[in-house]
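Student: Just so it is clear, I am handing over final10.cif, which has mmCIF, C-alpha atoms and all ligand atoms.
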```
data_my_file
loop_
_atom_site.group_PDB
_atom_site.id
_atom_site.type_symbol
_atom_site.label_atom_id
_atom_site.label_comp_id
_atom_site.auth_asym_id
_atom_site.auth_seq_id
_atom_site.Cartn_x
_atom_site.Cartn_y
_atom_site.Cartn_z
ATOM 1 C CA MET A 127 8.446 9.589 2.706
ATOM 2 C CA ASN A 128 6.198 12.539 3.516
ATOM 3 C CA ILE A 129 2.670 11.248 3.108
ATOM 4 C CA CYS A 130 -0.297 13.600 3.055
ATOM 5 C CA VAL A 131 -3.446 11.916 4.321
ATOM 6 C CA PHE A 132 -6.888 13.408 3.740
ATOM 7 C CA LEU A 133 -9.634 11.916 5.889
ATOM 8 C CA SER A 134 -12.649 12.567 8.032
ATOM 9 C CA ALA A 135 -12.552 14.797 11.093
ATOM 10 C CA ALA A 136 -15.574 12.870 12.451
ATOM 11 C CA ASP A 137 -15.727 10.025 14.987
ATOM 12 C CA LEU A 138 -16.499 6.876 13.031
ATOM 13 C CA ASP A 139 -16.976 3.196 13.713
ATOM 14 C CA GLU A 140 -14.410 0.421 13.625
ATOM 15 C CA ARG A 141 -14.981 -0.257 9.920
ATOM 16 C CA TYR A 142 -13.209 3.045 9.238
ATOM 17 C CA THR A 143 -10.913 3.410 12.232
ATOM 18 C CA ARG A 144 -9.242 0.003 11.699
ATOM 19 C CA PRO A 145 -7.783 0.692 8.222
ATOM 20 C CA ALA A 146 -6.867 4.225 9.345
ATOM 21 C CA ARG A 147 -4.878 2.772 12.235
ATOM 22 C CA GLU A 148 -3.301 0.128 9.968
ATOM 23 C CA LEU A 149 -2.054 2.746 7.530
ATOM 24 C CA ALA A 150 -0.779 4.871 10.416
ATOM 25 C CA GLU A 151 1.236 1.961 11.815
ATOM 26 C CA LEU A 152 2.800 1.223 8.427
ATOM 27 C CA LEU A 153 3.820 4.874 8.146
ATOM 28 C CA GLY A 154 5.141 5.103 11.689
ATOM 29 C CA GLU A 155 7.039 1.808 11.627
ATOM 30 C CA GLY A 156 8.711 2.888 8.401
ATOM 31 C CA GLY A 157 9.824 6.144 10.036
ATOM 32 C CA HIS A 158 7.746 8.212 7.622
ATOM 33 C CA THR A 159 6.138 11.614 8.157
ATOM 34 C CA LEU A 160 2.389 12.160 8.276
ATOM 35 C CA VAL A 161 1.349 15.442 6.692
ATOM 36 C CA TRP A 162 -2.277 16.053 7.637
ATOM 37 C CA GLY A 163 -4.892 18.652 8.477
ATOM 38 C CA GLY A 164 -3.597 18.854 12.041
ATOM 39 C CA SER A 165 -6.825 18.330 13.950
ATOM 40 C CA ASP A 166 -7.036 16.185 17.034
ATOM 41 C CA THR A 167 -10.483 14.863 16.133
ATOM 42 C CA GLY A 168 -12.079 11.792 14.588
ATOM 43 C CA LEU A 169 -10.207 9.735 12.000
ATOM 44 C CA MET A 170 -7.611 12.516 11.793
ATOM 45 C CA LYS A 171 -6.726 11.786 15.412
ATOM 46 C CA VAL A 172 -6.717 8.010 14.860
ATOM 47 C CA VAL A 173 -4.093 8.347 12.135
ATOM 48 C CA ALA A 174 -1.980 10.889 14.011
ATOM 49 C CA ASP A 175 -2.032 8.775 17.214
ATOM 50 C CA GLY A 176 -1.008 5.680 15.231
ATOM 51 C CA VAL A 177 1.890 7.406 13.490
ATOM 52 C CA ARG A 178 3.091 9.003 16.728
ATOM 53 C CA GLU A 179 2.903 5.764 18.745
ATOM 54 C CA THR A 180 4.878 3.778 16.155
ATOM 55 C CA GLY A 181 7.739 6.194 15.596
ATOM 56 C CA GLY A 182 6.714 8.487 12.727
ATOM 57 C CA ARG A 183 6.701 12.285 12.539
ATOM 58 C CA LEU A 184 3.662 14.571 12.524
ATOM 59 C CA VAL A 185 3.468 17.663 10.353
ATOM 60 C CA GLY A 186 0.116 19.424 10.684
ATOM 61 C CA VAL A 187 -1.212 22.023 8.289
ATOM 62 C CA SER A 188 -4.249 23.505 9.976
ATOM 63 C CA VAL A 189 -6.116 26.694 9.272
ATOM 64 C CA ASP A 190 -6.749 29.765 11.421
ATOM 65 C CA PHE A 191 -10.459 29.149 12.005
ATOM 66 C CA LEU A 192 -9.802 25.562 13.230
ATOM 67 C CA ARG A 193 -6.895 26.545 15.492
ATOM 68 C CA GLU A 194 -8.658 25.400 18.673
ATOM 69 C CA TRP A 195 -8.849 21.805 17.343
ATOM 70 C CA ALA A 196 -5.172 21.549 16.428
ATOM 71 C CA ARG A 197 -3.058 18.822 17.983
ATOM 72 C CA ARG A 198 -0.635 20.166 20.595
ATOM 73 C CA ASP A 199 2.239 17.690 20.313
ATOM 74 C CA ALA A 200 2.881 17.636 16.545
ATOM 75 C CA ASP A 201 6.515 17.909 15.450
ATOM 76 C CA GLU A 202 5.446 20.846 13.329
ATOM 77 C CA MET A 203 2.155 22.735 13.045
ATOM 78 C CA VAL A 204 1.474 25.397 10.453
ATOM 79 C CA PHE A 205 -1.666 27.557 10.353
ATOM 80 C CA ALA A 206 -2.781 28.595 6.902
ATOM 81 C CA GLU A 207 -4.889 31.690 6.348
ATOM 82 C CA ASP A 208 -7.709 29.859 4.578
ATOM 83 C CA LEU A 209 -8.644 26.470 3.135
ATOM 84 C CA ALA A 210 -7.190 27.206 -0.308
ATOM 85 C CA ALA A 211 -3.789 28.112 1.160
ATOM 86 C CA ARG A 212 -3.969 25.061 3.388
ATOM 87 C CA LYS A 213 -4.531 22.690 0.467
ATOM 88 C CA ALA A 214 -1.570 24.183 -1.373
ATOM 89 C CA LEU A 215 0.648 23.750 1.704
ATOM 90 C CA LEU A 216 -0.495 20.176 2.337
ATOM 91 C CA LEU A 217 0.366 19.186 -1.215
ATOM 92 C CA ALA A 218 3.652 21.102 -1.206
ATOM 93 C CA ARG A 219 4.834 19.227 1.900
ATOM 94 C CA ALA A 220 3.950 15.774 0.527
ATOM 95 C CA ASP A 221 5.615 13.178 -1.695
ATOM 96 C CA ALA A 222 2.288 11.410 -2.185
ATOM 97 C CA VAL A 223 -1.344 11.654 -1.106
ATOM 98 C CA VAL A 224 -3.595 9.012 0.447
ATOM 99 C CA VAL A 225 -7.316 9.634 0.738
ATOM 100 C CA LEU A 226 -9.270 7.755 3.384
ATOM 101 C CA ALA A 227 -13.008 7.880 3.984
ATOM 102 C CA GLY A 228 -14.176 11.428 4.563
ATOM 103 C CA GLY A 229 -16.885 14.006 4.069
ATOM 104 C CA LEU A 230 -17.024 17.295 2.184
ATOM 105 C CA GLY A 231 -13.655 18.511 3.463
ATOM 106 C CA THR A 232 -11.964 15.381 2.171
ATOM 107 C CA LEU A 233 -13.850 15.549 -1.123
ATOM 108 C CA ASP A 234 -12.738 19.161 -1.559
ATOM 109 C CA GLU A 235 -9.126 18.156 -0.952
ATOM 110 C CA VAL A 236 -9.072 15.116 -3.231
ATOM 111 C CA THR A 237 -10.802 17.006 -6.037
ATOM 112 C CA GLU A 238 -8.162 19.714 -5.880
ATOM 113 C CA VAL A 239 -5.189 17.345 -6.003
ATOM 114 C CA LEU A 240 -6.744 15.434 -8.912
ATOM 115 C CA GLU A 241 -7.523 18.634 -10.817
ATOM 116 C CA LEU A 242 -3.959 19.911 -10.332
ATOM 117 C CA ARG A 243 -2.631 16.552 -11.461
ATOM 118 C CA LYS A 244 -4.903 16.612 -14.508
ATOM 119 C CA HIS A 245 -3.239 19.879 -15.536
ATOM 120 C CA GLY A 246 0.228 18.455 -14.938
ATOM 121 C CA LEU A 247 0.846 20.892 -12.072
ATOM 122 C CA HIS A 248 2.124 18.048 -9.900
ATOM 123 C CA ASP A 249 2.862 14.382 -10.452
ATOM 124 C CA LYS A 250 2.562 13.101 -6.902
ATOM 125 C CA PRO A 251 0.893 9.699 -6.581
ATOM 126 C CA VAL A 252 -2.690 9.776 -5.276
ATOM 127 C CA VAL A 253 -4.164 6.654 -3.664
ATOM 128 C CA LEU A 254 -7.817 6.341 -2.649
ATOM 129 C CA LEU A 255 -8.252 3.793 0.112
ATOM 130 C CA ASN A 256 -11.571 2.276 -0.825
ATOM 131 C CA THR A 257 -12.573 0.966 2.598
ATOM 132 C CA ALA A 258 -15.829 -1.015 2.396
ATOM 133 C CA GLY A 259 -16.324 0.330 -1.147
ATOM 134 C CA PHE A 260 -16.587 3.882 0.220
ATOM 135 C CA TYR A 261 -15.266 5.412 -3.016
ATOM 136 C CA ASP A 262 -17.169 3.167 -5.442
ATOM 137 C CA GLY A 263 -19.617 6.005 -6.106
ATOM 138 C CA LEU A 264 -16.882 8.548 -6.801
ATOM 139 C CA ALA A 265 -15.046 6.068 -9.055
ATOM 140 C CA LEU A 266 -18.277 5.444 -10.981
ATOM 141 C CA GLN A 267 -18.751 9.175 -11.547
ATOM 142 C CA LEU A 268 -15.143 9.637 -12.640
ATOM 143 C CA ARG A 269 -15.384 6.669 -15.045
ATOM 144 C CA ARG A 270 -18.456 8.226 -16.624
ATOM 145 C CA MET A 271 -16.508 11.470 -17.092
ATOM 146 C CA GLU A 272 -13.741 9.507 -18.772
ATOM 147 C CA GLU A 273 -16.023 7.435 -21.012
ATOM 148 C CA GLU A 274 -18.069 10.416 -22.156
ATOM 149 C CA GLY A 275 -15.117 12.671 -22.972
ATOM 150 C CA PHE A 276 -15.008 15.001 -19.972
ATOM 151 C CA LEU A 277 -11.408 14.158 -19.070
ATOM 152 C CA PRO A 278 -8.420 15.161 -21.199
ATOM 153 C CA VAL A 279 -6.221 12.477 -19.601
ATOM 154 C CA PRO A 280 -6.839 8.817 -18.766
ATOM 155 C CA LEU A 281 -8.280 8.221 -15.331
ATOM 156 C CA SER A 282 -5.570 5.632 -14.709
ATOM 157 C CA GLY A 283 -3.025 8.471 -14.796
ATOM 158 C CA LEU A 284 -4.742 10.397 -12.016
ATOM 159 C CA PHE A 285 -5.131 8.010 -9.079
ATOM 160 C CA VAL A 286 -5.242 4.394 -7.979
ATOM 161 C CA LEU A 287 -7.832 2.669 -5.807
ATOM 162 C CA ALA A 288 -6.552 0.408 -3.016
ATOM 163 C CA ASP A 289 -8.736 -2.028 -1.090
ATOM 164 C CA THR A 290 -6.561 -2.234 2.008
ATOM 165 C CA ALA A 291 -4.114 -0.065 3.923
ATOM 166 C CA ALA A 292 -1.352 -2.560 3.076
ATOM 167 C CA ASP A 293 -2.087 -2.221 -0.654
ATOM 168 C CA ALA A 294 -2.136 1.563 -0.376
ATOM 169 C CA PHE A 295 1.203 1.561 1.447
ATOM 170 C CA ALA A 296 2.769 -0.844 -1.059
ATOM 171 C CA HIS A 297 1.745 1.485 -3.877
ATOM 172 C CA LEU A 298 3.296 4.450 -2.060
ATOM 173 C CA GLU A 299 6.563 2.641 -1.555
ATOM 174 C CA GLU A 300 6.737 1.560 -5.174
ATOM 175 C CA SER A 301 5.785 4.912 -6.656
ATOM 176 C CA VAL A 302 7.740 7.180 -4.296
ATOM 177 C CA VAL A 303 10.766 5.047 -3.396
ATOM 178 C CA GLY A 304 10.790 2.849 -6.512
ATOM 179 C CA PRO A 305 10.943 -0.943 -7.014
ATOM 180 C CA ARG A 306 13.232 -2.851 -4.647
HETATM 181 C C1 LIG A 401 -15.108 19.020 15.660
HETATM 182 C C2 LIG A 401 -14.360 19.941 14.770
HETATM 183 C C3 LIG A 401 -14.956 21.266 14.429
HETATM 184 C C4 LIG A 401 -13.178 19.550 14.273
HETATM 185 C C5 LIG A 401 -12.317 20.325 13.422
HETATM 186 N N1 LIG A 401 -12.575 20.074 12.045
HETATM 187 C C6 LIG A 401 -11.555 20.009 11.202
HETATM 188 N N2 LIG A 401 -10.309 20.167 11.638
HETATM 189 C C7 LIG A 401 -9.281 20.104 10.771
HETATM 190 N N3 LIG A 401 -9.398 19.868 9.487
HETATM 191 C C8 LIG A 401 -10.613 19.690 9.013
HETATM 192 C C9 LIG A 401 -11.746 19.789 9.843
HETATM 193 N N4 LIG A 401 -12.828 19.629 9.096
HETATM 194 C C10 LIG A 401 -12.365 19.420 7.840
HETATM 195 N N5 LIG A 401 -11.020 19.437 7.792
HETATM 196 C C11 LIG A 401 -10.183 19.174 6.583
HETATM 197 O O1 LIG A 401 -11.006 18.459 5.720
HETATM 198 C C12 LIG A 401 -10.780 17.066 5.877
HETATM 199 C C13 LIG A 401 -11.832 16.464 6.759
HETATM 200 O O2 LIG A 401 -13.083 16.972 6.442
HETATM 201 P P1 LIG A 401 -14.337 16.001 6.429
HETATM 202 O O3 LIG A 401 -14.490 15.452 7.813
HETATM 203 O O4 LIG A 401 -13.984 14.962 5.398
HETATM 204 O O5 LIG A 401 -15.470 16.880 5.991
HETATM 205 C C14 LIG A 401 -9.411 16.877 6.512
HETATM 206 O O6 LIG A 401 -8.517 16.221 5.618
HETATM 207 C C15 LIG A 401 -8.998 18.283 6.893
HETATM 208 O O7 LIG A 401 -7.827 18.682 6.212
#
```
Represent the structure contained in this file as structure tokens.
Tutor:
Amino acid sequence: MNICVFLSAADLDERYTRPARELAELLGEGGHTLVWGGSDTGLMKVVADGVRETGGRLVGVSVDFLREWARRDADEMVFAEDLAARKALLLARADAVVVLAGGLGTLDEVTEVLELRKHGLHDKPVVLLNTAGFYDGLALQLRRMEEEGFLPVPLSGLFVLADTAADAFAHLEESVVGPR
């Protein structure tokens, strides 16, 4: 599988690095490909290191203005002209998307993939890894949109929430590869 992971570029504590590493190891051990923003910083580095050390492939999609932060040993590294082009490339290269804890960059990315999915412009599975309830607030907002008529499709058709990296990975396997 080619799995796009959106997540923080910041250095975070063990509460966030542990599940990031766990997901990375599941991807790497399965021989899967990480498609990510390409930076060698923060949680983005934790995931890329984990995938690399356990046998997976790294496909980075960075952007010109962040070139200096790009990882040097990725199997592939593409530099998009701007953030919009980068998001399109990240999604195009992926079979599914996993969203880990992140800031505004991550929020921008997850909003775009959900909006495109809402319009039926892709049908790639989207999993939010809800580490320590990080996405409870976003889920609450989205549920209010659904309940009050702001969404033309059921929320359940847009994404799933997973409590652990193992649950997120199991959902990816089932939705991308199919039941065993
Ligand atoms: C220290 C420094 C300037 C690092 C470089 N910073 C970044 N490098 C690469 N991608 C980024 C960077 N900042 C944001 N992004 C994009 O936005 C997301 C992370 O942003 P954030 O930390 O959640 O808001 C990533 O999924 C990535 O695709």
Student: Counting only C-alpha atoms, what is within 9 Å of stretch 263-280 of chain A, bar same-chain residues fewer than 6 positions away, as a PyMOL selection string?
Tutor: chain A and resi 244-245+287
Student: By how many Å are atom CA of A:Asp137 and atom CA of A:Gly168 apart?
Tutor: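 Rounded to one decimal, the two atoms are 4.1 Å apart.
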Student: What residues come out when you apply the PyMOL selection byres (((chain A and resi 194) around 12) and not hetatm) to this file, written as a list of chain:residue names?
Tutor: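 Checking the PyMOL selection byres (((chain A and resi 194) around 12) and not hetatm) against this file, the residues are A:Gly164, A:Ser165, A:Asp166, A:Thr167, A:Ser188, A:Val189, A:Asp190, A:Phe191, A:Leu192, A:Arg193, A:Trp195, A:Ala196, A:Arg197, A:Arg198, A:Phe205.
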Student: Any chance you could export the current selection's C-alpha atoms as a tab-separated table (two decimals), in the frame of the given file?
Tutor:
```tsv
chain	number	residue	atom	x	y	z
A	164	GLY	CA	-3.60	18.85	12.04
A	165	SER	CA	-6.82	18.33	13.95
A	166	ASP	CA	-7.04	16.18	17.03
A	167	THR	CA	-10.48	14.86	16.13
A	188	SER	CA	-4.25	23.50	9.98
A	189	VAL	CA	-6.12	26.69	9.27
A	190	ASP	CA	-6.75	29.76	11.42
A	191	PHE	CA	-10.46	29.15	12.00
A	192	LEU	CA	-9.80	25.56	13.23
A	193	ARG	CA	-6.90	26.54	15.49
A	195	TRP	CA	-8.85	21.80	17.34
A	196	ALA	CA	-5.17	21.55	16.43
A	197	ARG	CA	-3.06	18.82	17.98
A	198	ARG	CA	-0.64	20.17	20.60
A	205	PHE	CA	-1.67	27.56	10.35
```
Student: Restricting the calculation to only C-alpha atoms: of A:Gly154, A:Gly181, A:Gly304, A:Gly259, which residue gets closest to A:Ala288?
Tutor: A:Gly259
Student: Compute the set of protein, DNA and RNA residues whose minimum atom distance to ligand LIG 401 (chain A) is at most 7 Å, using all atoms listed in the file, and state it as a list in words.
Tutor: Val131, Phe132, Leu133, Ser134, Ala135, Ala136, Trp162, Gly163, Gly164, Ser165, Thr167, Ser188, Leu192, Trp195, Gly228, Gly229, Leu230, Gly231, Thr232, Leu233 and Glu235 of chain A
Student: Which residue is closest to A:Gly246? Choose from A:Val225, A:Leu284, A:Phe260, A:Val161 and count all atoms listed in the file.
Tutor: A:Leu284
Student: How big is the axis-aligned box, and where does its centre sit, when it encloses all atoms of stretch 172-190 of chain A listed in the file and has 6 Å added on every side, reported in Å to one decimal as JSON?
Tutor:
```
{"center_x": 0.5, "center_y": 16.8, "center_z": 13.5, "size_x": 26.5, "size_y": 38.0, "size_z": 22.5}
```
Student: Contacts of A:Val185 at 7 Å or less, counting all atoms listed in the file, minus same-chain residues fewer than 6 places along, as a ChimeraX atom specification?
Tutor: /A:159-162,200-203
Student: Using all atoms listed in the file, determine which residues lie at most 12 Å from A:Arg144, disregarding the query and same-chain residues fewer than 5 positions distant; provide the list as a list in words.
Tutor: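 After dropping sequence-adjacent residues, the list is Leu138, Asp139, Leu149, Ala150, Glu151, Leu169, Val172, Val173, Gly176, Leu226, Ala227, Thr257, Ala258, Thr290, Ala291 and Ala292 of chain A.
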Student: Excluding A:Val252 and its own-chain neighbours fewer than 4 positions away, which residues fall within 9 Å of it when counting only C-alpha atoms? Please give them as JSON, numbers by chain.
Tutor: {"A": [222, 223, 224, 225, 236, 239, 240, 284, 285, 286, 287, 298]}
Student: By how many Å are atom CA of A:Glu179 and atom CA of A:Met127 apart?
Tutor: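 It comes out at 17.4 Å.
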Student: Pick the closest to A:Val253 from A:Glu207, A:Glu140, A:Asp293, A:Glu148: which is it, counting only C-alpha atoms?
Tutor: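 Among A:Glu207, A:Glu140, A:Asp293, A:Glu148, it is A:Asp293 that comes nearest to A:Val253.
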Student: Would you kindly translate the PyMOL selection byres (((chain A and resi 302) around 10) and not hetatm) into the concrete residues it picks from this file, as a list in words?
Tutor: Met127, Asn128, Ile129, Asp221, Ala222, Lys250, Pro251, Ala296, His297, Leu298, Glu299, Glu300, Ser301, Val303, Gly304 and Pro305 of chain A
